[in-house]
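Student: Hey, dropping run07.cif in here, mmCIF, C-alpha atoms and all ligand atoms:
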```cif
data_entry
loop_
_atom_site.label_atom_id
_atom_site.label_comp_id
_atom_site.auth_asym_id
_atom_site.auth_seq_id
_atom_site.Cartn_x
_atom_site.Cartn_y
_atom_site.Cartn_z
CA MET J 1 -1.85 -19.39 -17.88
CA SER J 2 -1.84 -20.95 -21.31
CA GLU J 3 -1.60 -24.60 -20.19
CA THR J 4 -4.54 -26.91 -20.80
CA ALA J 5 -6.87 -27.84 -17.95
CA GLU J 6 -5.74 -31.50 -17.96
CA ALA J 7 -2.02 -30.86 -17.67
CA PRO J 8 -1.25 -27.59 -15.94
CA GLY J 9 2.45 -26.83 -15.75
CA PRO J 10 4.33 -26.29 -12.52
CA VAL J 11 3.59 -23.18 -10.48
CA THR J 12 6.34 -20.64 -11.09
CA ILE J 13 4.56 -17.35 -10.37
CA VAL J 14 2.44 -16.37 -7.41
CA GLU J 15 0.52 -13.20 -6.58
CA THR J 16 0.87 -11.93 -3.04
CA PRO J 17 -1.45 -9.01 -2.33
CA ILE J 18 -0.86 -6.69 0.57
CA HIS J 19 -3.78 -4.74 1.97
CA LEU J 20 -4.03 -2.38 4.90
CA ASP J 21 -7.07 -0.45 6.12
CA TYR J 22 -6.24 2.36 8.50
CA LYS J 23 -7.62 5.59 9.91
CA PHE J 24 -5.80 8.74 8.87
CA THR J 25 -5.86 11.67 11.29
CA PRO J 26 -4.39 14.77 9.69
CA GLY J 27 -4.10 16.85 12.88
CA VAL J 28 -5.45 20.33 13.64
CA ALA J 29 -3.49 22.29 11.00
CA GLN J 30 -4.28 19.98 8.10
CA SER J 31 -7.90 19.61 9.25
CA ARG J 32 -8.22 23.40 8.78
CA PHE J 33 -6.57 23.09 5.37
CA LEU J 34 -8.96 20.28 4.35
CA ARG J 35 -12.01 22.21 5.59
CA ALA J 36 -10.85 25.20 3.52
CA LEU J 37 -10.62 22.92 0.47
CA GLU J 38 -14.20 21.89 1.17
CA ARG J 39 -15.13 25.59 0.82
CA GLY J 40 -13.14 25.81 -2.43
CA GLU J 41 -10.23 27.67 -0.83
CA ILE J 42 -6.52 26.94 -0.44
CA THR J 43 -5.06 28.05 2.88
CA GLY J 44 -1.58 27.84 4.36
CA GLN J 45 -0.01 28.89 7.63
CA ARG J 46 2.68 31.51 8.21
CA CYS J 47 5.65 30.94 10.52
CA PRO J 48 5.72 33.75 13.12
CA LYS J 49 9.53 33.71 13.08
CA CYS J 50 10.76 33.33 9.48
CA GLN J 51 7.46 34.43 7.84
CA LYS J 52 7.48 31.47 5.45
CA VAL J 53 4.03 30.23 4.40
CA TYR J 54 3.49 26.48 4.39
CA VAL J 55 0.84 24.70 2.33
CA PRO J 56 -0.42 22.20 3.28
CA PRO J 57 0.30 23.43 6.82
CA ARG J 58 1.74 20.95 9.31
CA GLY J 59 1.15 23.16 12.34
CA ALA J 60 4.83 23.98 12.85
CA CYS J 61 7.78 25.44 10.99
CA SER J 62 10.35 22.69 10.54
CA MET J 63 13.17 25.25 10.14
CA CYS J 64 12.37 27.37 13.22
CA GLY J 65 10.76 24.68 15.37
CA VAL J 66 7.86 26.91 16.36
CA ALA J 67 4.11 26.43 16.06
CA THR J 68 2.29 28.15 13.19
CA ASP J 69 -1.29 29.28 13.49
CA GLU J 70 -1.76 32.38 11.30
CA GLU J 71 -3.97 31.25 8.43
CA VAL J 72 -3.15 32.64 4.98
CA LYS J 73 -5.56 32.37 2.06
CA LEU J 74 -3.91 31.70 -1.29
CA SER J 75 -5.20 32.56 -4.73
CA GLY J 76 -4.81 29.20 -6.44
CA LYS J 77 -2.38 30.62 -8.98
CA GLY J 78 1.24 29.55 -9.06
CA THR J 79 4.45 28.93 -10.95
CA ILE J 80 5.87 25.65 -12.25
CA THR J 81 9.28 25.05 -10.67
CA THR J 82 9.96 21.48 -11.82
CA PHE J 83 8.04 19.08 -14.02
CA CYS J 84 8.06 15.59 -15.50
CA VAL J 85 6.43 14.22 -18.66
CA THR J 86 5.31 10.63 -18.02
CA GLN J 87 5.13 8.27 -21.00
CA ILE J 88 3.77 5.16 -19.27
CA PRO J 89 0.09 4.70 -18.38
CA SER J 90 -1.21 5.12 -14.87
CA PRO J 91 -4.79 4.41 -13.67
CA GLY J 92 -7.03 7.21 -14.96
CA LEU J 93 -4.24 8.99 -16.86
CA VAL J 94 -3.47 8.82 -20.56
CA PRO J 95 0.20 9.27 -21.46
CA PRO J 96 1.94 11.51 -22.13
CA TYR J 97 0.84 13.47 -19.09
CA VAL J 98 2.63 16.11 -17.02
CA THR J 99 3.13 16.35 -13.27
CA ALA J 100 4.74 19.49 -11.90
CA TRP J 101 5.93 20.98 -8.65
CA ILE J 102 4.10 24.26 -8.28
CA ARG J 103 4.93 27.14 -5.99
CA LEU J 104 1.58 28.70 -5.18
CA ASP J 105 1.66 32.49 -5.09
CA GLY J 106 2.18 33.62 -1.50
CA SER J 107 3.60 30.30 -0.33
CA ASP J 108 7.17 29.21 0.34
CA ILE J 109 6.91 25.54 -0.48
CA THR J 110 6.03 23.58 -3.62
CA SER J 111 3.35 20.92 -4.12
CA MET J 112 2.91 18.38 -6.91
CA PHE J 113 -0.08 18.56 -9.25
CA LEU J 114 -1.13 17.42 -12.71
CA ILE J 115 -0.88 19.91 -15.57
CA GLN J 116 -3.63 19.63 -18.20
CA GLU J 117 -5.31 21.66 -20.98
CA CYS J 118 -1.83 22.05 -22.38
CA ASP J 119 0.49 20.29 -24.85
CA PRO J 120 3.22 18.59 -22.75
CA ALA J 121 5.80 20.12 -25.10
CA GLU J 122 4.66 23.59 -23.99
CA VAL J 123 5.28 23.01 -20.27
CA ARG J 124 8.33 24.85 -18.93
CA LEU J 125 9.88 26.19 -15.74
CA GLY J 126 8.39 29.52 -14.77
CA MET J 127 5.10 28.81 -16.53
CA ARG J 128 2.13 30.44 -14.78
CA VAL J 129 -0.76 28.12 -13.91
CA GLU J 130 -4.04 28.09 -11.99
CA ALA J 131 -6.02 25.45 -10.13
CA VAL J 132 -9.03 23.85 -11.83
CA TRP J 133 -11.57 22.69 -9.26
CA VAL J 134 -14.33 20.09 -9.27
CA GLU J 135 -17.92 21.38 -9.38
CA GLU J 136 -19.02 23.19 -6.22
CA SER J 137 -21.52 20.41 -5.46
CA GLU J 138 -18.63 17.88 -5.47
CA LEU J 139 -16.41 19.68 -2.94
CA VAL J 140 -15.17 17.42 -0.11
CA PRO J 141 -12.36 17.82 2.44
CA ASP J 142 -9.79 16.36 0.06
CA LEU J 143 -7.00 17.73 -2.14
CA GLY J 144 -8.69 15.84 -4.98
CA ASN J 145 -11.00 18.89 -5.22
CA ILE J 146 -8.24 20.36 -7.36
CA LYS J 147 -8.45 18.29 -10.54
CA TYR J 148 -5.31 19.76 -12.08
CA PHE J 149 -3.60 23.03 -12.96
CA ARG J 150 -3.77 24.71 -16.37
CA PRO J 151 -1.76 27.49 -17.98
CA ILE J 152 -2.91 31.09 -17.64
CA ASP J 153 -2.27 33.94 -20.01
CA GLU J 154 0.48 35.62 -18.01
CA PRO J 155 4.17 36.15 -18.78
CA ASP J 156 6.50 33.49 -17.32
CA ALA J 157 7.78 34.20 -13.81
CA GLU J 158 11.34 35.55 -13.59
CA TYR J 159 13.84 32.81 -12.73
CA GLU J 160 14.95 34.79 -9.65
CA THR J 161 11.46 34.39 -8.13
CA TYR J 162 11.56 30.58 -8.10
CA LYS J 163 15.25 29.64 -8.34
CA ASP J 164 15.28 28.32 -4.77
CA TYR J 165 12.50 25.85 -5.60
CA VAL J 166 13.84 24.19 -8.75
CA MET Q 1 -10.73 26.65 21.80
CA THR Q 2 -10.95 23.07 20.72
CA GLU Q 3 -11.61 22.23 17.11
CA GLU Q 4 -12.55 18.92 15.71
CA VAL Q 5 -9.78 17.04 13.96
CA LEU Q 6 -10.77 15.13 10.85
CA VAL Q 7 -10.45 11.36 10.56
CA ALA Q 8 -10.75 9.38 7.34
CA ASP Q 9 -10.62 5.72 6.37
CA HIS Q 10 -7.67 5.01 4.12
CA THR Q 11 -6.66 1.80 2.35
CA ILE Q 12 -3.27 0.92 1.02
CA GLU Q 13 -3.17 -2.02 -1.34
CA TYR Q 14 -0.63 -3.55 -3.70
CA THR Q 15 -0.31 -6.94 -5.36
CA TYR Q 16 3.20 -8.29 -5.83
CA THR Q 17 3.78 -10.84 -8.60
CA ARG Q 18 6.69 -12.99 -7.54
CA SER Q 19 8.54 -15.88 -9.12
CA THR Q 20 8.56 -18.78 -6.74
CA GLY Q 21 11.90 -20.45 -7.40
CA PRO Q 22 12.02 -24.20 -8.08
CA MET Q 23 11.38 -25.64 -4.61
CA ILE Q 24 8.71 -23.24 -3.36
CA GLY Q 25 7.21 -23.69 -6.82
CA ALA Q 26 7.19 -27.46 -6.19
CA PHE Q 27 5.48 -26.89 -2.83
CA LEU Q 28 2.78 -24.71 -4.46
CA THR Q 29 2.38 -27.10 -7.39
CA GLY Q 30 1.89 -29.88 -4.81
CA LEU Q 31 -0.80 -27.87 -3.04
CA ARG Q 32 -2.62 -27.42 -6.32
CA ASP Q 33 -2.53 -31.21 -6.72
CA GLY Q 34 -3.75 -31.75 -3.14
CA LYS Q 35 -0.35 -32.84 -1.81
CA ILE Q 36 2.06 -31.32 0.68
CA VAL Q 37 5.61 -31.27 -0.62
CA GLY Q 38 8.75 -30.69 1.37
CA CYS Q 39 12.39 -31.26 0.54
CA ARG Q 40 15.38 -33.08 1.95
CA GLY Q 41 17.91 -30.83 3.66
CA ALA Q 42 21.68 -31.34 3.62
CA ASP Q 43 21.50 -33.22 6.95
CA GLY Q 44 18.72 -35.50 5.71
CA ARG Q 45 15.90 -33.75 7.53
CA VAL Q 46 12.65 -33.20 5.66
CA ILE Q 47 11.82 -29.50 5.55
CA VAL Q 48 8.20 -28.40 4.97
CA PRO Q 49 7.41 -26.23 3.07
CA ALA Q 50 10.19 -27.02 0.59
CA VAL Q 51 12.90 -24.36 0.50
CA ASP Q 52 15.41 -23.47 -2.20
CA TYR Q 53 18.45 -23.28 0.10
CA ASP Q 54 19.53 -25.37 3.06
CA PRO Q 55 18.87 -23.41 6.27
CA VAL Q 56 22.24 -24.49 7.76
CA THR Q 57 24.69 -24.87 4.87
CA SER Q 58 22.92 -22.59 2.34
CA GLU Q 59 23.49 -25.13 -0.44
CA ASP Q 60 20.92 -25.58 -3.21
CA LEU Q 61 18.28 -28.17 -2.39
CA SER Q 62 16.49 -30.20 -5.05
CA GLU Q 63 15.11 -33.47 -3.63
CA THR Q 64 11.37 -33.15 -3.05
CA VAL Q 65 9.65 -35.31 -0.44
CA GLU Q 66 5.90 -35.69 -0.15
CA VAL Q 67 4.58 -35.74 3.40
CA ALA Q 68 1.17 -36.48 4.90
CA ASP Q 69 -1.57 -33.88 5.10
CA GLU Q 70 -1.97 -34.63 8.77
CA GLY Q 71 0.28 -34.29 11.77
CA VAL Q 72 0.74 -33.00 15.32
CA VAL Q 73 0.42 -29.53 16.84
CA THR Q 74 3.79 -28.59 18.35
CA THR Q 75 2.70 -25.18 19.67
CA TRP Q 76 -0.22 -22.83 19.16
CA SER Q 77 -1.88 -19.59 20.14
CA TRP Q 78 -5.45 -18.37 20.02
CA ASN Q 79 -6.54 -15.72 17.53
CA ASP Q 80 -9.68 -14.22 19.01
CA ARG Q 81 -10.15 -11.42 16.46
CA PRO Q 82 -9.13 -12.47 12.95
CA LEU Q 83 -8.10 -9.70 10.58
CA LEU Q 84 -9.07 -9.28 6.95
CA GLY Q 85 -7.00 -11.64 4.81
CA GLN Q 86 -6.39 -14.23 7.52
CA PRO Q 87 -7.40 -17.82 6.73
CA LEU Q 88 -10.69 -17.80 8.65
CA ASP Q 89 -13.17 -15.06 9.49
CA HIS Q 90 -14.05 -16.47 12.91
CA PRO Q 91 -11.78 -17.08 15.94
CA PHE Q 92 -9.25 -19.87 15.35
CA ALA Q 93 -5.88 -21.17 16.51
CA TRP Q 94 -2.58 -20.41 14.86
CA ALA Q 95 -0.49 -23.54 15.21
CA LEU Q 96 2.83 -25.00 14.19
CA VAL Q 97 1.96 -28.39 12.72
CA LYS Q 98 4.58 -31.11 12.30
CA LEU Q 99 3.19 -33.19 9.47
CA ASP Q 100 3.81 -36.95 9.44
CA GLY Q 101 7.04 -37.49 7.54
CA ALA Q 102 8.34 -33.95 8.18
CA ASP Q 103 11.06 -32.82 10.57
CA THR Q 104 9.97 -29.16 10.71
CA SER Q 105 6.63 -27.54 11.48
CA LEU Q 106 4.32 -25.60 9.21
CA LEU Q 107 2.45 -22.49 10.41
CA ALA Q 108 -1.24 -23.06 9.86
CA ALA Q 109 -4.72 -22.10 11.01
CA VAL Q 110 -6.58 -24.76 12.98
CA ASP Q 111 -10.34 -24.40 12.75
CA VAL Q 112 -11.66 -25.06 16.26
CA ASP Q 113 -14.40 -22.98 17.81
CA ASP Q 114 -12.88 -22.82 21.27
CA PRO Q 115 -9.31 -22.86 22.62
CA SER Q 116 -10.24 -25.79 24.88
CA LYS Q 117 -10.51 -27.94 21.73
CA ILE Q 118 -6.80 -27.76 20.88
CA SER Q 119 -3.60 -28.50 22.75
CA THR Q 120 0.03 -29.23 22.03
CA GLY Q 121 0.06 -32.80 20.75
CA SER Q 122 -3.39 -32.58 19.07
CA ARG Q 123 -3.66 -34.55 15.84
CA VAL Q 124 -4.80 -32.32 12.98
CA LYS Q 125 -5.57 -32.87 9.31
CA ALA Q 126 -5.68 -30.43 6.40
CA ARG Q 127 -9.05 -29.33 5.07
CA TRP Q 128 -8.46 -28.53 1.42
CA ALA Q 129 -10.06 -25.62 -0.39
CA GLU Q 130 -12.78 -26.56 -2.88
CA GLU Q 131 -10.84 -24.98 -5.70
CA ARG Q 132 -7.05 -25.32 -5.58
CA VAL Q 133 -4.95 -22.84 -7.53
CA GLY Q 134 -1.36 -23.32 -6.35
CA SER Q 135 -1.39 -21.09 -3.29
CA ILE Q 136 -0.98 -21.58 0.46
CA THR Q 137 -4.71 -20.83 0.69
CA ASP Q 138 -5.30 -24.21 -1.02
CA ILE Q 139 -5.16 -25.47 2.56
CA ALA Q 140 -8.33 -23.83 3.89
CA ALA Q 141 -7.39 -24.77 7.46
CA PHE Q 142 -6.49 -27.74 9.62
CA GLU Q 143 -9.08 -29.58 11.69
CA VAL Q 144 -8.59 -31.60 14.86
CA VAL Q 145 -8.87 -35.31 13.99
ZN ZN J 201 10.00 29.50 10.44
#
```
Render the structure in this file as structure tokens.
Tutor:
Amino acid sequence: MSETAEAPGPVTIVETPIHLDYKFTPGVAQSRFLRALERGEITGQRCPKCQKVYVPPRGACSMCGVATDEEVKLSGKGTITTFCVTQIPSPGLVPPYVTAWIRLDGSDITSMFLIQECDPAEVRLGMRVEAVWVEESELVPDLGNIKYFRPIDEPDAEYETYKDYV
Amino acid sequence: MTEEVLVADHTIEYTYTRSTGPMIGAFLTGLRDGKIVGCRGADGRVIVPAVDYDPVTSEDLSETVEVADEGVVTTWSWNDRPLLGQPLDHPFAWALVKLDGADTSLLAAVDVDDPSKISTGSRVKARWAEERVGSITDIAAFEVV
């Protein structure tokens, strides 16, 4: 406030913080996924009925309604299917920065990650990218192990291969 | 085969910045000045805290009324395990307090160390925070007189 100490103006603004501490239990399927991340691996689970691979796995296929338990190891490479260039600052991020939905190779669902080591103007649908991990000594059971994705020197994926994920 | 499921502590936190409106602003300004401010409703009742709209007719309210910082407990319950962010960090009573000069009751913490020390009808008085900033927390708690 800019008012002097002797004559403060009326209160017109108030800050009302909300705060909640809670315990998060990810379940069996995601616990396996998180333990794989701790080893520096990305794993999904395949549906025994429709063969789709989910990452992160939820332990069931939402389309078929059946449990999934076949673990599938993924390479950490993928294809950008949708992206957004953000122009406003966010804690720890300098604008402009890019977030993208990425279909990891071998999976049938997209996940959102940061794209870095790349001019935002270069980012495009079909662009091939790979995960950049924290140092091995810093690995924990957390998706934050993947710092971001960066472009790789491969031709863009054909539209047909990701059109259902745009 | 059983496998251990992970558990992690998570925190969700966000601070809203809200404009108070004129009457709630008057109530908070009053707290900063060490006073409790209500307002006169359409039927003449004194409503505490002050509100911007009449609870019955919805019309704009504008007449502020200062009330006492002490009054009577109209109902209460015991809080044996206070949570983070509640007014006191030891067990206390939540009470509705009808301040002298008011026709409605204010929800407040009453700082008593045992539920036997409070009852409906107890006289209580506000204990003000050492530093008042224009927030409901300017009333640290009520104490039994
Ligand atoms: Zn399926």
Student: Nearest to ligand ZN 201 (chain J): which of J:Leu104, J:Ile42, J:Cys64, J:Ile152 is it, counting only C-alpha atoms and all ligand atoms?
Tutor: J:Cys64
Student: Using only C-alpha atoms, pick whichever of Q:Ser119, Q:Asp100, Q:Thr75, Q:Leu84 has the shortest atom-to-atom distance to chain J.
Tutor: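 Of all the options, Q:Leu84 lies closest to chain J.
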Student: Could you write out as number ranges by chain the residues of chain J within 6 Å of chain Q, counting only C-alpha atoms?
Tutor: J: 10-25, 27-28, 31
Student: Report as a compact mmCIF listing (two decimals) with C-alpha atoms, keeping the file's coordinate frame all protein, DNA and RNA residues lying within 9 Å of Trp78 (chain Q), evaluated on all atoms listed in the file, omitting residues in the same chain fewer than 5 positions from it.
Tutor:
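Now in selection.txt:
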```
# COMPACT_ATOMS: atom_id res chain seq x y z
CA PRO Q 91 -11.78 -17.08 15.94
CA PHE Q 92 -9.25 -19.87 15.35
CA ALA Q 93 -5.88 -21.17 16.51
CA TRP Q 94 -2.58 -20.41 14.86
CA ALA Q 95 -0.49 -23.54 15.21
CA ASP Q 114 -12.88 -22.82 21.27
CA PRO Q 115 -9.31 -22.86 22.62
```
Student: Once you count only C-alpha atoms and all ligand atoms, which residues end up within 8 Å of ligand ZN 201 (chain J), and could you hand them over as a list of chain:residue names?
Tutor: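 Those within range of ligand ZN 201 (chain J) are J:Arg46, J:Cys47, J:Pro48, J:Lys49, J:Cys50, J:Gln51, J:Lys52, J:Ala60, J:Cys61, J:Ser62, J:Met63, J:Cys64, J:Gly65, J:Val66.
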Student: Output C-alpha atoms of each residue in that selection to a file, as a PDB file, in the coordinates of the input.
Tutor:
```pdb
ATOM      1  CA  ARG J  46       2.680  31.510   8.210  1.00  0.00           C
ATOM      2  CA  CYS J  47       5.650  30.940  10.520  1.00  0.00           C
ATOM      3  CA  PRO J  48       5.720  33.750  13.120  1.00  0.00           C
ATOM      4  CA  LYS J  49       9.530  33.710  13.080  1.00  0.00           C
ATOM      5  CA  CYS J  50      10.760  33.330   9.480  1.00  0.00           C
ATOM      6  CA  GLN J  51       7.460  34.430   7.840  1.00  0.00           C
ATOM      7  CA  LYS J  52       7.480  31.470   5.450  1.00  0.00           C
ATOM      8  CA  ALA J  60       4.830  23.980  12.850  1.00  0.00           C
ATOM      9  CA  CYS J  61       7.780  25.440  10.990  1.00  0.00           C
ATOM     10  CA  SER J  62      10.350  22.690  10.540  1.00  0.00           C
ATOM     11  CA  MET J  63      13.170  25.250  10.140  1.00  0.00           C
ATOM     12  CA  CYS J  64      12.370  27.370  13.220  1.00  0.00           C
ATOM     13  CA  GLY J  65      10.760  24.680  15.370  1.00  0.00           C
ATOM     14  CA  VAL J  66       7.860  26.910  16.360  1.00  0.00           C
TER      15      VAL J  66
END
```
Student: Kindly indicate which residue among Q:Thr64, Q:Val145, Q:Val97, Q:Asp69 lies nearest to Ala126 (chain Q), using only C-alpha atoms for the distances.
Tutor: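 Checking each of Q:Thr64, Q:Val145, Q:Val97, Q:Asp69 against Ala126 (chain Q), counting only C-alpha atoms, the winner is Q:Asp69.
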Student: Quick one: pull the distance between CA of Ser105 (chain Q) and CA of Pro49 (chain Q), Å, one decimal.
Tutor: 8.5 Å
Student: Region 129-144 of chain J: which residues within 12 Å, counting only C-alpha atoms, same-chain residues fewer than 6 positions away excluded, as a ChimeraX atom specification?
Tutor: /J:26,30-43,55-56,74-81,100-105,111-118,123,150-157 /Q:5-8
Student: Based on the selection just made, write C-alpha atoms of those residues as a PDB file, in the frame of the given file.
Tutor:
```pdb
ATOM      1  CA  PRO J  26      -4.390  14.770   9.690  1.00  0.00           C
ATOM      2  CA  GLN J  30      -4.280  19.980   8.100  1.00  0.00           C
ATOM      3  CA  SER J  31      -7.900  19.610   9.250  1.00  0.00           C
ATOM      4  CA  ARG J  32      -8.220  23.400   8.780  1.00  0.00           C
ATOM      5  CA  PHE J  33      -6.570  23.090   5.370  1.00  0.00           C
ATOM      6  CA  LEU J  34      -8.960  20.280   4.350  1.00  0.00           C
ATOM      7  CA  ARG J  35     -12.010  22.210   5.590  1.00  0.00           C
ATOM      8  CA  ALA J  36     -10.850  25.200   3.520  1.00  0.00           C
ATOM      9  CA  LEU J  37     -10.620  22.920   0.470  1.00  0.00           C
ATOM     10  CA  GLU J  38     -14.200  21.890   1.170  1.00  0.00           C
ATOM     11  CA  ARG J  39     -15.130  25.590   0.820  1.00  0.00           C
ATOM     12  CA  GLY J  40     -13.140  25.810  -2.430  1.00  0.00           C
ATOM     13  CA  GLU J  41     -10.230  27.670  -0.830  1.00  0.00           C
ATOM     14  CA  ILE J  42      -6.520  26.940  -0.440  1.00  0.00           C
ATOM     15  CA  THR J  43      -5.060  28.050   2.880  1.00  0.00           C
ATOM     16  CA  VAL J  55       0.840  24.700   2.330  1.00  0.00           C
ATOM     17  CA  PRO J  56      -0.420  22.200   3.280  1.00  0.00           C
ATOM     18  CA  LEU J  74      -3.910  31.700  -1.290  1.00  0.00           C
ATOM     19  CA  SER J  75      -5.200  32.560  -4.730  1.00  0.00           C
ATOM     20  CA  GLY J  76      -4.810  29.200  -6.440  1.00  0.00           C
ATOM     21  CA  LYS J  77      -2.380  30.620  -8.980  1.00  0.00           C
ATOM     22  CA  GLY J  78       1.240  29.550  -9.060  1.00  0.00           C
ATOM     23  CA  THR J  79       4.450  28.930 -10.950  1.00  0.00           C
ATOM     24  CA  ILE J  80       5.870  25.650 -12.250  1.00  0.00           C
ATOM     25  CA  THR J  81       9.280  25.050 -10.670  1.00  0.00           C
ATOM     26  CA  ALA J 100       4.740  19.490 -11.900  1.00  0.00           C
ATOM     27  CA  TRP J 101       5.930  20.980  -8.650  1.00  0.00           C
ATOM     28  CA  ILE J 102       4.100  24.260  -8.280  1.00  0.00           C
ATOM     29  CA  ARG J 103       4.930  27.140  -5.990  1.00  0.00           C
ATOM     30  CA  LEU J 104       1.580  28.700  -5.180  1.00  0.00           C
ATOM     31  CA  ASP J 105       1.660  32.490  -5.090  1.00  0.00           C
ATOM     32  CA  SER J 111       3.350  20.920  -4.120  1.00  0.00           C
ATOM     33  CA  MET J 112       2.910  18.380  -6.910  1.00  0.00           C
ATOM     34  CA  PHE J 113      -0.080  18.560  -9.250  1.00  0.00           C
ATOM     35  CA  LEU J 114      -1.130  17.420 -12.710  1.00  0.00           C
ATOM     36  CA  ILE J 115      -0.880  19.910 -15.570  1.00  0.00           C
ATOM     37  CA  GLN J 116      -3.630  19.630 -18.200  1.00  0.00           C
ATOM     38  CA  GLU J 117      -5.310  21.660 -20.980  1.00  0.00           C
ATOM     39  CA  CYS J 118      -1.830  22.050 -22.380  1.00  0.00           C
ATOM     40  CA  VAL J 123       5.280  23.010 -20.270  1.00  0.00           C
ATOM     41  CA  ARG J 150      -3.770  24.710 -16.370  1.00  0.00           C
ATOM     42  CA  PRO J 151      -1.760  27.490 -17.980  1.00  0.00           C
ATOM     43  CA  ILE J 152      -2.910  31.090 -17.640  1.00  0.00           C
ATOM     44  CA  ASP J 153      -2.270  33.940 -20.010  1.00  0.00           C
ATOM     45  CA  GLU J 154       0.480  35.620 -18.010  1.00  0.00           C
ATOM     46  CA  PRO J 155       4.170  36.150 -18.780  1.00  0.00           C
ATOM     47  CA  ASP J 156       6.500  33.490 -17.320  1.00  0.00           C
ATOM     48  CA  ALA J 157       7.780  34.200 -13.810  1.00  0.00           C
TER      49      ALA J 157
ATOM     50  CA  VAL Q   5      -9.780  17.040  13.960  1.00  0.00           C
ATOM     51  CA  LEU Q   6     -10.770  15.130  10.850  1.00  0.00           C
ATOM     52  CA  VAL Q   7     -10.450  11.360  10.560  1.00  0.00           C
ATOM     53  CA  ALA Q   8     -10.750   9.380   7.340  1.00  0.00           C
TER      54      ALA Q   8
END
```
Student: Of the candidates Q:Ser116, Q:Thr57, Q:Thr74, Q:Asn79, which shows the shortest atom-to-atom distance to Asp103 (chain Q), using all atoms listed in the file?
Tutor: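 When distances to Asp103 (chain Q) are compared using all atoms listed in the file, the smallest one comes from Q:Thr74.
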Student: Set the distance at 9 Å and use all atoms listed in the file: which residues neighbour Asp54 (chain Q) once local chain neighbours fewer than 3 positions away are removed? I'd like the list as a list in words.
Tutor: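 Answer for this query is Arg40, Gly41, Ala42, Asp43, Val51, Thr57, Ser58, Glu59, Asp60 and Leu61 of chain Q.
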Student: Rounded to one decimal place, report the CA of Thr137 (chain Q)-CA of Pro55 (chain Q) distance in Å.
Tutor: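 Value for the CA of Thr137 (chain Q)-CA of Pro55 (chain Q) distance: 24.4 Å.
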Student: Give me, please, the distance in Å between CA of Ser122 (chain Q) and CA of Cys39 (chain Q), quoted to one decimal.
Tutor: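 For CA of Ser122 (chain Q) relative to CA of Cys39 (chain Q), the distance reads 24.4 Å.
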Student: Here is a test: counting only C-alpha atoms, which residue of Q:Asp89, Q:Asp80, Q:Glu63, Q:Asp111 is nearest to Arg127 (chain Q)?
Tutor: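 The shortest atom-to-atom distance to Arg127 (chain Q) comes from Q:Asp111.
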